[in-house]
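Engineer: This one is structure-v6.tsv, TSV, C-alpha atoms.
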```tsv
chain	number	residue	atom	x	y	z
K	11	MET	CA	-37.88	-7.61	-108.20
K	12	THR	CA	-41.16	-6.75	-109.86
K	13	GLU	CA	-42.62	-3.29	-109.63
K	14	GLU	CA	-45.51	-4.67	-107.53
K	15	LEU	CA	-43.15	-6.34	-105.10
K	16	SER	CA	-41.04	-3.22	-104.92
K	17	GLU	CA	-44.14	-1.18	-104.18
K	18	ALA	CA	-45.28	-3.62	-101.51
K	19	LEU	CA	-41.92	-3.77	-99.76
K	20	GLY	CA	-41.22	-0.04	-99.71
K	21	ASP	CA	-38.06	2.01	-99.94
K	22	PHE	CA	-34.47	1.32	-99.05
K	23	LYS	CA	-32.83	3.91	-96.80
K	24	ILE	CA	-29.37	5.26	-97.48
K	25	TRP	CA	-26.84	6.95	-95.19
K	26	LYS	CA	-23.53	8.52	-96.11
K	27	ASN	CA	-20.83	7.28	-93.78
K	28	PRO	CA	-18.56	9.94	-92.27
K	29	SER	CA	-15.15	10.25	-93.84
K	30	ASN	CA	-13.56	11.06	-90.49
K	31	SER	CA	-14.40	10.38	-86.86
K	32	GLY	CA	-15.55	13.95	-86.21
K	33	GLU	CA	-18.47	13.74	-88.61
K	34	ALA	CA	-21.89	12.24	-88.06
K	35	VAL	CA	-23.62	9.75	-90.25
K	36	ALA	CA	-25.90	11.60	-92.69
K	37	TYR	CA	-29.29	10.34	-93.80
K	38	LEU	CA	-29.76	10.84	-97.53
K	39	GLY	CA	-33.30	9.59	-97.86
K	40	PRO	CA	-35.44	6.73	-99.09
K	41	TYR	CA	-34.61	5.29	-102.50
K	42	ARG	CA	-35.44	2.26	-104.61
K	43	PRO	CA	-32.85	0.32	-106.57
K	44	PRO	CA	-33.23	0.95	-110.31
K	45	ASN	CA	-34.34	-1.58	-112.90
K	46	GLY	CA	-35.90	-4.04	-110.49
K	47	GLN	CA	-32.63	-4.77	-108.73
K	48	PHE	CA	-32.73	-5.90	-105.12
K	49	CYS	CA	-29.64	-4.04	-103.98
K	50	PHE	CA	-27.64	-0.94	-104.80
K	51	ALA	CA	-24.43	-1.18	-106.79
K	52	PRO	CA	-21.88	1.66	-106.72
K	53	LYS	CA	-22.96	2.84	-110.16
K	54	ASP	CA	-26.57	3.10	-108.96
K	55	LEU	CA	-25.52	5.52	-106.26
K	56	GLN	CA	-23.42	7.45	-108.77
K	57	GLU	CA	-26.45	7.73	-111.00
K	58	LEU	CA	-28.42	9.12	-108.08
K	59	GLY	CA	-25.77	11.82	-107.84
K	60	PHE	CA	-23.91	10.53	-104.80
K	61	GLY	CA	-20.20	11.29	-104.77
K	62	PRO	CA	-17.27	9.06	-103.81
K	63	GLY	CA	-17.40	7.55	-100.35
K	64	ASP	CA	-18.91	4.81	-98.21
K	65	TYR	CA	-22.65	4.38	-97.88
K	66	THR	CA	-24.83	2.17	-95.69
K	67	VAL	CA	-28.12	0.90	-97.06
K	68	LEU	CA	-31.03	-0.50	-95.04
K	69	ALA	CA	-33.42	-2.80	-96.88
K	70	PRO	CA	-37.19	-2.37	-96.38
K	71	GLU	CA	-38.37	-4.10	-93.22
K	72	GLY	CA	-40.63	-6.65	-94.88
K	73	SER	CA	-37.95	-7.75	-97.29
K	74	HIS	CA	-35.23	-8.59	-94.83
K	75	ARG	CA	-37.65	-10.17	-92.41
K	76	GLN	CA	-38.71	-12.55	-95.14
K	77	GLY	CA	-35.07	-13.20	-95.97
K	78	LEU	CA	-35.38	-11.69	-99.44
K	79	PHE	CA	-32.51	-9.25	-99.05
K	80	SER	CA	-29.70	-8.65	-96.64
K	81	LYS	CA	-30.87	-6.12	-94.05
K	82	TRP	CA	-27.75	-3.94	-94.24
K	83	GLN	CA	-25.54	-3.34	-97.22
K	84	LYS	CA	-22.32	-1.35	-97.51
K	85	VAL	CA	-21.60	0.31	-100.83
K	86	THR	CA	-18.44	2.18	-101.77
K	87	VAL	CA	-18.56	4.68	-104.60
K	88	PRO	CA	-15.02	4.97	-105.98
K	89	GLU	CA	-13.20	8.21	-106.79
N	193	MET	CA	-21.89	6.61	-74.77
N	194	ILE	CA	-24.82	7.62	-76.89
N	195	ASP	CA	-27.53	10.01	-75.85
N	196	VAL	CA	-30.54	7.71	-76.01
N	197	ARG	CA	-33.08	10.53	-76.29
N	198	LYS	CA	-31.17	12.07	-79.17
N	199	ALA	CA	-30.88	8.68	-80.78
N	200	GLU	CA	-34.61	8.11	-80.40
N	201	ALA	CA	-35.34	11.49	-81.97
N	202	GLN	CA	-33.00	10.81	-84.86
N	203	ALA	CA	-34.43	7.33	-85.35
N	204	ALA	CA	-37.93	8.81	-85.46
N	205	GLN	CA	-36.79	11.44	-87.95
N	206	TRP	CA	-35.37	8.73	-90.19
N	207	ASP	CA	-38.42	6.52	-89.61
N	208	ILE	CA	-36.41	3.61	-88.28
N	209	SER	CA	-36.48	1.81	-84.94
N	210	LEU	CA	-33.98	2.58	-82.20
N	211	ARG	CA	-32.62	-0.90	-82.68
N	212	ASP	CA	-31.96	-0.14	-86.36
N	213	TRP	CA	-30.34	3.14	-85.32
N	214	MET	CA	-27.95	1.16	-83.15
N	215	GLU	CA	-27.30	-1.38	-85.88
N	216	LEU	CA	-26.59	1.43	-88.31
N	217	HIS	CA	-24.02	2.89	-85.96
N	218	THR	CA	-22.51	-0.52	-85.42
N	219	HIS	CA	-22.17	-0.90	-89.18
N	220	VAL	CA	-20.73	2.56	-89.67
N	221	PHE	CA	-18.49	2.95	-86.63
N	222	GLY	CA	-17.71	-0.68	-85.83
N	223	ASN	CA	-19.36	-0.58	-82.43
N	224	VAL	CA	-21.98	1.36	-80.56
N	225	ASP	CA	-21.55	2.15	-76.91
N	226	ALA	CA	-25.27	2.38	-76.50
N	227	PHE	CA	-25.70	1.59	-72.87
N	228	GLY	CA	-22.25	1.99	-71.54
N	229	ASP	CA	-20.87	-1.52	-71.59
N	230	SER	CA	-20.45	-2.54	-75.17
N	231	ASP	CA	-16.71	-2.37	-75.60
N	232	ILE	CA	-13.45	-2.47	-73.77
N	233	ASP	CA	-13.12	1.32	-73.60
N	234	ASP	CA	-16.00	1.36	-71.19
N	235	ALA	CA	-13.98	-0.43	-68.51
N	236	SER	CA	-12.74	2.92	-67.22
N	237	ALA	CA	-16.33	4.22	-66.95
N	238	GLU	CA	-17.31	1.15	-64.95
N	239	GLU	CA	-14.27	1.63	-62.71
N	240	TRP	CA	-15.36	5.26	-62.18
N	241	ARG	CA	-18.90	4.17	-61.30
N	242	GLY	CA	-17.48	1.62	-58.89
N	243	ARG	CA	-15.61	4.35	-57.04
N	244	VAL	CA	-18.79	6.45	-56.75
N	245	SER	CA	-20.58	3.38	-55.44
N	246	ASP	CA	-17.83	2.83	-52.84
N	247	VAL	CA	-18.61	6.28	-51.39
N	248	LEU	CA	-22.33	5.48	-51.30
N	249	ILE	CA	-21.60	2.21	-49.50
N	250	GLU	CA	-19.39	4.00	-46.96
N	251	HIS	CA	-22.43	6.15	-46.16
N	252	LYS	CA	-24.70	3.11	-45.94
N	253	LEU	CA	-26.65	3.93	-49.11
N	254	PHE	CA	-26.40	0.31	-50.24
N	255	SER	CA	-29.38	0.25	-52.58
N	256	LYS	CA	-28.26	3.42	-54.37
N	257	ALA	CA	-24.74	2.03	-54.70
N	258	LYS	CA	-26.02	-1.10	-56.38
N	259	ARG	CA	-28.23	0.87	-58.74
N	260	TYR	CA	-25.45	3.30	-59.63
N	261	MET	CA	-23.09	0.43	-60.37
N	262	GLU	CA	-25.58	-1.48	-62.48
N	263	CYS	CA	-27.18	1.48	-64.26
N	264	SER	CA	-28.01	0.81	-67.92
N	265	ARG	CA	-26.44	-2.64	-67.92
N	266	TYR	CA	-29.53	-4.76	-67.43
N	267	ALA	CA	-33.05	-4.70	-68.75
N	268	HIS	CA	-36.48	-5.85	-67.67
N	269	LEU	CA	-38.16	-8.02	-70.28
N	270	TYR	CA	-41.63	-7.39	-71.62
N	271	GLN	CA	-43.92	-9.05	-74.11
N	272	CYS	CA	-46.97	-7.48	-75.67
N	273	LYS	CA	-50.41	-9.04	-75.37
N	274	GLY	CA	-51.12	-8.55	-79.07
N	275	ASP	CA	-51.22	-11.30	-81.66
N	276	GLY	CA	-47.62	-10.57	-82.62
N	277	LYS	CA	-46.41	-11.14	-79.04
N	278	HIS	CA	-43.62	-8.64	-79.64
N	279	ASP	CA	-40.59	-9.00	-77.41
N	280	LEU	CA	-39.36	-5.82	-75.76
N	281	PHE	CA	-36.80	-4.67	-73.23
N	282	SER	CA	-36.74	-1.77	-70.83
N	283	PRO	CA	-33.34	-0.63	-69.51
N	284	ILE	CA	-32.92	-0.50	-65.76
N	285	TYR	CA	-31.60	2.96	-64.94
N	286	CYS	CA	-30.36	4.17	-61.56
N	287	ASP	CA	-32.22	7.51	-61.93
N	288	LEU	CA	-29.75	9.17	-59.58
N	289	ARG	CA	-29.08	12.89	-59.92
N	290	PHE	CA	-25.38	12.73	-60.58
N	291	CYS	CA	-25.35	9.78	-62.98
N	292	PRO	CA	-23.91	10.81	-66.36
N	293	ARG	CA	-26.29	8.37	-68.06
N	294	CYS	CA	-29.45	9.46	-66.27
N	295	ALA	CA	-28.91	13.21	-65.83
N	296	PRO	CA	-29.83	14.09	-69.45
N	297	ARG	CA	-33.17	12.30	-69.08
N	298	GLN	CA	-33.87	14.10	-65.83
N	299	PHE	CA	-33.04	17.38	-67.55
N	300	ALA	CA	-35.57	16.65	-70.31
N	301	ARG	CA	-38.22	15.69	-67.79
N	302	LEU	CA	-37.70	18.81	-65.66
N	303	LEU	CA	-37.78	21.02	-68.71
N	304	ARG	CA	-41.12	19.57	-69.73
N	305	LYS	CA	-42.42	19.99	-66.20
N	306	TYR	CA	-41.47	23.64	-65.74
N	307	GLU	CA	-41.51	25.08	-69.25
N	308	PRO	CA	-45.31	25.65	-69.51
N	309	VAL	CA	-45.45	27.99	-66.52
N	310	LEU	CA	-42.71	30.22	-67.92
N	311	LYS	CA	-44.33	30.30	-71.33
N	312	ALA	CA	-47.61	31.23	-69.67
N	313	VAL	CA	-46.16	34.18	-67.72
N	314	SER	CA	-44.18	35.33	-70.76
N	315	ALA	CA	-47.43	35.46	-72.71
N	316	HIS	CA	-49.43	37.23	-69.97
N	317	LYS	CA	-47.00	39.52	-68.19
N	318	LYS	CA	-48.21	41.51	-65.23
N	319	VAL	CA	-47.42	45.21	-65.34
N	320	GLY	CA	-43.99	45.80	-63.81
N	321	PHE	CA	-43.24	42.10	-63.58
N	322	ARG	CA	-40.26	40.61	-65.39
N	323	ILE	CA	-38.45	37.30	-65.47
N	324	ARG	CA	-35.23	37.85	-63.60
N	325	GLU	CA	-32.22	35.65	-62.94
N	326	ILE	CA	-31.08	35.50	-59.33
N	327	THR	CA	-28.09	33.69	-57.89
N	328	LEU	CA	-27.88	33.19	-54.14
N	329	THR	CA	-24.63	31.85	-52.80
N	330	SER	CA	-23.40	30.32	-49.57
N	331	ARG	CA	-19.99	30.25	-47.98
N	332	ASN	CA	-17.98	27.24	-49.10
N	333	THR	CA	-17.29	25.18	-46.01
N	334	GLY	CA	-15.48	22.49	-47.94
N	335	ASN	CA	-18.20	20.05	-47.01
N	336	LEU	CA	-21.84	19.42	-47.87
N	337	THR	CA	-24.44	17.64	-45.79
N	338	PRO	CA	-28.17	16.96	-46.34
N	339	ALA	CA	-28.97	19.25	-43.37
N	340	GLN	CA	-26.92	22.07	-44.88
N	341	ILE	CA	-28.69	21.76	-48.25
N	342	LYS	CA	-32.12	21.58	-46.63
N	343	LYS	CA	-31.40	24.72	-44.61
N	344	PHE	CA	-30.07	26.48	-47.71
N	345	ASN	CA	-33.31	25.73	-49.58
N	346	GLN	CA	-35.44	26.79	-46.64
N	347	ASP	CA	-33.49	30.04	-46.40
N	348	ILE	CA	-34.10	30.76	-50.07
N	349	LYS	CA	-37.83	30.23	-49.64
N	350	LYS	CA	-37.89	32.45	-46.56
N	351	ALA	CA	-35.90	35.19	-48.29
N	352	LEU	CA	-38.11	35.28	-51.38
N	353	LYS	CA	-41.30	35.14	-49.32
N	354	SER	CA	-40.03	37.95	-47.13
N	355	LEU	CA	-39.14	40.09	-50.16
N	356	MET	CA	-42.49	39.36	-51.80
N	357	SER	CA	-44.62	39.84	-48.71
N	358	GLY	CA	-47.93	41.36	-49.85
N	359	VAL	CA	-47.11	40.93	-53.55
N	360	GLU	CA	-49.54	38.85	-55.60
N	361	GLY	CA	-48.60	36.70	-58.55
N	362	TRP	CA	-44.86	36.27	-58.12
N	363	GLY	CA	-43.24	32.90	-58.77
N	364	ALA	CA	-39.84	31.26	-58.90
N	365	ILE	CA	-38.06	28.10	-59.93
N	366	LEU	CA	-34.81	27.38	-58.18
N	367	CYS	CA	-32.11	24.87	-58.90
N	368	ASP	CA	-29.38	24.01	-56.40
N	369	GLU	CA	-25.95	23.89	-57.89
N	370	VAL	CA	-22.39	23.27	-56.79
N	371	GLY	CA	-19.28	24.59	-58.49
N	372	PHE	CA	-17.37	22.30	-60.80
N	373	GLU	CA	-15.13	20.00	-58.76
N	374	ASN	CA	-15.93	21.79	-55.51
N	375	THR	CA	-18.57	22.10	-52.77
N	376	ASN	CA	-19.51	25.71	-53.44
N	377	LEU	CA	-23.29	25.48	-52.91
N	378	HIS	CA	-25.39	28.12	-54.64
N	379	ALA	CA	-28.79	28.38	-56.30
N	380	HIS	CA	-29.83	29.64	-59.70
N	381	ILE	CA	-33.33	31.08	-59.57
N	382	LEU	CA	-35.68	32.13	-62.31
N	383	PHE	CA	-37.80	34.72	-60.59
N	384	TYR	CA	-40.97	36.31	-61.96
N	385	GLY	CA	-41.98	39.44	-60.13
N	386	PRO	CA	-41.36	43.14	-59.57
N	387	TYR	CA	-37.99	44.87	-59.46
N	388	ILE	CA	-35.84	44.05	-56.42
N	389	PRO	CA	-32.76	46.19	-55.81
N	390	GLN	CA	-29.61	44.07	-55.45
N	391	SER	CA	-28.82	45.79	-52.13
N	392	ARG	CA	-32.22	44.83	-50.71
N	393	LEU	CA	-31.84	41.23	-51.91
N	394	ALA	CA	-28.37	41.03	-50.35
N	395	GLU	CA	-29.62	42.51	-47.07
N	396	VAL	CA	-32.51	40.04	-46.73
N	397	TRP	CA	-30.36	37.10	-47.82
N	398	ASN	CA	-27.76	38.00	-45.22
N	399	GLU	CA	-30.35	38.44	-42.47
N	400	ILE	CA	-31.92	35.06	-43.14
N	401	SER	CA	-28.99	32.88	-44.15
N	402	GLY	CA	-25.91	34.68	-42.89
N	403	HIS	CA	-24.47	34.50	-46.40
N	404	GLU	CA	-23.61	37.52	-48.44
N	405	VAL	CA	-23.11	37.25	-52.16
N	406	VAL	CA	-26.13	37.64	-54.44
N	407	TYR	CA	-26.69	38.53	-58.09
N	408	ILE	CA	-29.85	39.68	-59.79
N	409	SER	CA	-30.49	40.81	-63.35
N	410	GLU	CA	-33.32	40.82	-65.83
N	411	ALA	CA	-33.30	37.61	-67.84
N	412	HIS	CA	-31.57	38.19	-71.17
N	413	LYS	CA	-33.41	35.27	-72.69
N	414	SER	CA	-37.10	34.42	-73.04
N	415	GLY	CA	-38.67	32.33	-70.27
N	416	GLY	CA	-38.21	28.99	-72.03
N	417	LYS	CA	-34.61	29.66	-73.01
N	418	ALA	CA	-33.75	31.01	-69.57
N	419	LEU	CA	-35.11	27.79	-68.08
N	420	LEU	CA	-33.09	25.74	-70.54
N	421	TYR	CA	-30.00	27.67	-69.52
N	422	MET	CA	-30.71	27.21	-65.82
N	423	LEU	CA	-31.46	23.51	-66.04
N	424	LYS	CA	-28.38	22.76	-68.10
N	425	TYR	CA	-26.62	22.37	-64.77
N	426	VAL	CA	-28.84	19.36	-64.11
N	427	SER	CA	-27.94	17.72	-67.39
N	428	LYS	CA	-24.44	16.73	-66.44
N	429	PRO	CA	-22.61	15.88	-63.21
N	430	PRO	CA	-20.66	18.79	-61.70
N	431	ALA	CA	-17.44	16.87	-61.19
N	432	SER	CA	-15.23	14.27	-62.79
N	433	ASP	CA	-13.89	13.14	-59.42
N	434	PRO	CA	-15.89	10.02	-58.44
N	435	ASN	CA	-15.29	10.67	-54.75
N	436	LEU	CA	-16.90	14.12	-55.03
N	437	ILE	CA	-19.80	12.77	-57.08
N	438	GLY	CA	-20.39	10.14	-54.40
N	439	LEU	CA	-20.33	12.80	-51.66
N	440	LEU	CA	-22.77	15.00	-53.62
N	441	GLU	CA	-25.12	12.07	-54.05
N	442	VAL	CA	-24.95	11.51	-50.28
N	443	ALA	CA	-25.45	15.21	-49.55
N	444	PHE	CA	-28.53	15.46	-51.76
N	445	HIS	CA	-29.99	12.17	-50.48
N	446	GLY	CA	-33.62	12.82	-49.58
N	447	THR	CA	-33.43	16.42	-50.78
N	448	ARG	CA	-34.84	17.90	-53.94
N	449	ARG	CA	-32.60	19.98	-56.12
N	450	VAL	CA	-35.24	21.81	-58.14
N	451	HIS	CA	-38.13	23.61	-56.47
N	452	ALA	CA	-41.05	25.78	-57.56
N	453	LEU	CA	-42.21	28.65	-55.35
N	454	GLY	CA	-45.03	31.19	-55.22
N	455	THR	CA	-47.64	30.94	-57.96
N	456	PHE	CA	-45.30	28.70	-59.96
N	457	TYR	CA	-45.81	26.00	-57.35
N	458	ASN	CA	-49.44	25.56	-58.33
N	459	PHE	CA	-49.00	25.88	-62.05
N	460	VAL	CA	-46.16	23.56	-62.96
N	461	SER	CA	-47.10	21.04	-65.59
N	462	GLU	CA	-48.16	17.62	-64.46
N	463	ASP	CA	-45.20	15.34	-64.09
N	464	SER	CA	-47.16	12.41	-65.40
N	465	ASP	CA	-44.08	10.42	-66.30
N	466	ASN	CA	-43.52	10.02	-62.58
N	467	VAL	CA	-46.80	8.23	-62.19
N	468	ASN	CA	-47.45	6.43	-65.43
N	469	SER	CA	-44.72	5.47	-67.82
N	470	GLU	CA	-45.12	6.88	-71.30
N	471	TRP	CA	-44.19	3.45	-72.52
N	472	GLY	CA	-47.41	1.77	-71.49
N	473	ASN	CA	-48.10	0.01	-74.78
N	474	CYS	CA	-46.33	-1.97	-77.46
N	475	PRO	CA	-44.60	0.37	-79.94
N	476	HIS	CA	-45.37	-2.10	-82.75
N	477	CYS	CA	-49.06	-2.77	-82.31
N	478	GLY	CA	-50.25	-0.71	-79.35
N	479	ALA	CA	-51.22	-3.75	-77.27
N	480	GLU	CA	-50.73	-3.79	-73.52
N	481	LEU	CA	-47.46	-5.11	-72.15
N	482	THR	CA	-46.79	-7.98	-69.79
N	483	LYS	CA	-43.66	-7.95	-67.67
N	484	LEU	CA	-41.77	-11.21	-67.86
N	485	PRO	CA	-39.86	-12.53	-64.87
N	486	GLY	CA	-36.17	-11.80	-64.50
N	487	SER	CA	-33.83	-9.46	-66.30
N	488	THR	CA	-31.02	-9.76	-68.81
N	489	ARG	CA	-27.97	-7.89	-70.05
N	490	ILE	CA	-29.04	-5.13	-72.42
N	491	GLN	CA	-26.62	-6.28	-75.10
N	492	LYS	CA	-28.22	-9.72	-75.02
N	493	ALA	CA	-31.69	-8.19	-75.33
N	494	ILE	CA	-30.60	-6.23	-78.40
N	495	ILE	CA	-28.99	-9.28	-79.99
N	496	GLU	CA	-32.19	-11.23	-79.35
N	497	GLY	CA	-33.99	-8.65	-81.49
N	498	ARG	CA	-36.07	-7.20	-78.69
N	499	THR	CA	-37.39	-3.67	-79.18
N	500	PHE	CA	-36.39	-0.86	-76.83
N	501	VAL	CA	-39.05	0.71	-74.65
N	502	GLY	CA	-38.25	3.43	-72.11
N	503	THR	CA	-38.19	2.84	-68.43
N	504	LYS	CA	-41.37	1.67	-66.79
N	505	SER	CA	-40.01	1.93	-63.24
N	506	THR	CA	-41.15	5.47	-62.61
N	507	ALA	CA	-42.27	5.73	-59.01
N	508	ARG	CA	-38.83	6.24	-57.50
N	509	ARG	CA	-38.13	9.25	-59.70
N	510	LYS	CA	-40.66	11.25	-57.79
N	511	THR	CA	-38.78	10.93	-54.55
N	512	TRP	CA	-35.20	10.66	-55.71
N	513	ALA	CA	-34.72	12.16	-59.08
N	514	ASN	CA	-34.61	15.91	-58.94
```
Represent the supplied structure as structure tokens.

Structural biologist:
Amino acid sequence: MTEELSEALGDFKIWKNPSNSGEAVAYLGPYRPPNGQFCFAPKDLQELGFGPGDYTVLAPEGSHRQGLFSKWQKVTVPE
Amino acid sequence: MIDVRKAEAQAAQWDISLRDWMELHTHVFGNVDAFGDSDIDDASAEEWRGRVSDVLIEHKLFSKAKRYMECSRYAHLYQCKGDGKHDLFSPIYCDLRFCPRCAPRQFARLLRKYEPVLKAVSAHKKVGFRIREITLTSRNTGNLTPAQIKKFNQDIKKALKSLMSGVEGWGAILCDEVGFENTNLHAHILFYGPYIPQSRLAEVWNEISGHEVVYISEAHKSGGKALLYMLKYVSKPPASDPNLIGLLEVAFHGTRRVHALGTFYNFVSEDSDNVNSEWGNCPHCGAELTKLPGSTRIQKAIIEGRTFVGTKSTARRKTWAN
């Protein structure tokens, strides 16, 4: 993904999934995949400082509408 | 079942659509019981609603029974008149007082309607006037009828008017309430006015209504918070027994549960949502909406990718909702 395309499409959104049923899903904020990637790998989330656990990622609206990326992505950061 | 208003607020905070909020929860939790019929666990809720509806049918409230049974299961379809011709859906709610799905929305609406007047008097207090919390009770007869509730409300109005005879500027908001799982009818009142001794209140209440027990104290919270506290009783049904819920719905048929008195009557905020839906335009492009014929299951509308818009059937709320 070029920088221009990335800029045009906007940010991905990331939520931390609850580790037990009593917790709520927590919004972590808008982020962009590093190095022109079009999705987040576990190591990308680690580099952002996110600890072990499951995360849900929403691709920018324009991108998934055009079929560029999968709308939702699940990423697990290992222990 | 999710709280749609809370979900909307959270979706707005995260800058995503309500549909995406639901998809997120589906991804995270495996399912989302957004409108009460999305998974097998909801069968018991539908059974419960069916039993409430049976009571309404027994009392010949056929239309209400149908609405209660079908609440939040179907949606009207809309399309915007903009170039994008966005497809939308609007859930069909029953808007009945004792519906667990509709009560929170009614609570939010009533709060918006009555909050401004309390904020106004809090900001411009008359000398000697305070916001006070009053509870007026009635004897529990084990039964409730529309006539009994109407008389109870009339008695409250008479009692307060009698106590405030010759006093300018007093006001009150009252909310009828019943005890949890019983028919103990009483009213919580937020009263703005001069000091009233409890003995005098009890005497007048007894003279007018024949009932005895009253409570009065200065509100411990600010006007807005006191209102929030009072209206919390509206936000959820006062019983888990479907038979009792059905009987309460019958008893309050044609009767309001929340009333404004004195100067508050003239100064409550406009209840514009009763007249014009806040969802008049397309949330994507702002274009006007066209209602399409027919209705569909809400789940189907979501799967089709339609965007949620709030209810546009507002007229009946004015007569039935609070």

Engineer: Tell me, as number ranges by chain, which residues lie within 8 Å of Ile323 in chain N, counting all atoms listed in the file; anything in the same chain fewer than 5 positions away does not count.

Structural biologist: N: 382-385, 410-411, 415

Engineer: Mind giving me the straight-line distance from CA of Lys317 in chain N to CA of Asp347 in chain N in Å, one decimal?

Structural biologist: 27.3 Å

Engineer: Taking all atoms listed in the file into account and nothing else, which residues of chain K lie no more than 10 Å away from chain N? Please answer as a PyMOL selection string.

Structural biologist: chain K and resi 23+25-28+31+34-35+37-40+64-68+71+81-84

Engineer: Residues at most 12 Å from Ile249 in chain N, counting only C-alpha atoms, excluding those fewer than 4 positions away in the same chain, as a list in words?

Structural biologist: Gly242, Arg243, Val244, Ser245, Leu253, Phe254, Ser255, Lys256, Ala257, Lys258, Arg259, Tyr260, Met261, Asn435, Gly438, Leu439, Glu441 and Val442 of chain N

Engineer: For CA of Arg489 in chain N and CA of Ser264 in chain N, quote the distance in Å rounded to one decimal.

Structural biologist: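 So the two atoms, CA of Arg489 in chain N and CA of Ser264 in chain N, lie 9.0 Å apart.
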
Engineer: Please determine an axis-aligned box that encloses all atoms of range 437-444 of chain N listed in the file, with 5 Å added on each side, and express its centre and edge lengths in Å to one decimal as JSON.

Structural biologist:
```
{"center_x": -24.2, "center_y": 12.8, "center_z": -53.3, "size_x": 18.7, "size_y": 15.3, "size_z": 17.5}
```

Engineer: Write out as a list in words each polymer residue whose atoms come within 12 Å of Ser432 in chain N, counting only C-alpha atoms; drop sequence neighbours fewer than 3 positions from it.

Structural biologist: Ala237, Trp240, Arg241, Arg243, Val244, Phe290, Cys291, Pro292, Gly371, Phe372, Glu373, Asn374, Lys428, Pro429, Asn435, Leu436, Ile437, Gly438 and Leu440 of chain N

Engineer: Pick out the closest residue to Arg304 in chain N from this set: N:Gly416, N:Val396, N:Asp246, N:Cys477. Count all atoms listed in the file.

Structural biologist: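 Looking only at the distances to Arg304 in chain N, the closest residue turns out to be N:Gly416.
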
Engineer: If we count only C-alpha atoms, what is near Pro338 in chain N at a cut-off of 8 Å, once residues fewer than 6 positions away on the same chain are taken out, given as a count of residues only?

Structural biologist: 6

Engineer: Figure out the distance between CA of Lys417 in chain N and CA of Gln390 in chain N, please, to one decimal in Å.

Structural biologist: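 These atoms are spaced 23.3 Å apart.
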
Engineer: May I ask which of the residues N:Ala267, N:Ile495, N:Met422, N:Ile341 is the closest one to Thr329 in chain N, counting all atoms listed in the file?

Structural biologist: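 Once distances to Thr329 in chain N are computed over all atoms listed in the file, the minimum belongs to N:Ile341.
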
Engineer: Residues at most 10 Å from Pro88 in chain K, counting all atoms listed in the file, excluding those fewer than 3 positions away in the same chain, as a JSON list (two decimals) with C-alpha atoms, in the frame of the given file?

Structural biologist:
```
[["chain", "number", "residue", "atom", "x", "y", "z"],
["K", 52, "PRO", "CA", -21.88, 1.66, -106.72],
["K", 53, "LYS", "CA", -22.96, 2.84, -110.16],
["K", 56, "GLN", "CA", -23.42, 7.45, -108.77],
["K", 61, "GLY", "CA", -20.20, 11.29, -104.77],
["K", 62, "PRO", "CA", -17.27, 9.06, -103.81],
["K", 63, "GLY", "CA", -17.40, 7.55, -100.35],
["K", 64, "ASP", "CA", -18.91, 4.81, -98.21],
["K", 85, "VAL", "CA", -21.60, 0.31, -100.83]]
```

Engineer: In terms of the shortest atom-to-atom distance over only C-alpha atoms, which of K:Ala36, K:Leu19, K:Ile24, K:Val87 is closest to Pro70 in chain K?

Structural biologist: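 Answer, going by the shortest atom-to-atom distance: K:Leu19.
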
Engineer: For each of N:Arg197, N:Lys483, N:His412, N:His378, take the minimum atom-to-atom distance to Pro296 in chain N, counting all atoms listed in the file, then give the residue where this is smallest.

Structural biologist: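 That would be N:Arg197, the residue with the smallest distance to Pro296 in chain N.
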
Engineer: Just checking: using all atoms listed in the file, which residue out of N:Leu393, N:Cys474, N:Ala199, N:Leu336 ends up closest to Ser354 in chain N?

Structural biologist: N:Leu393
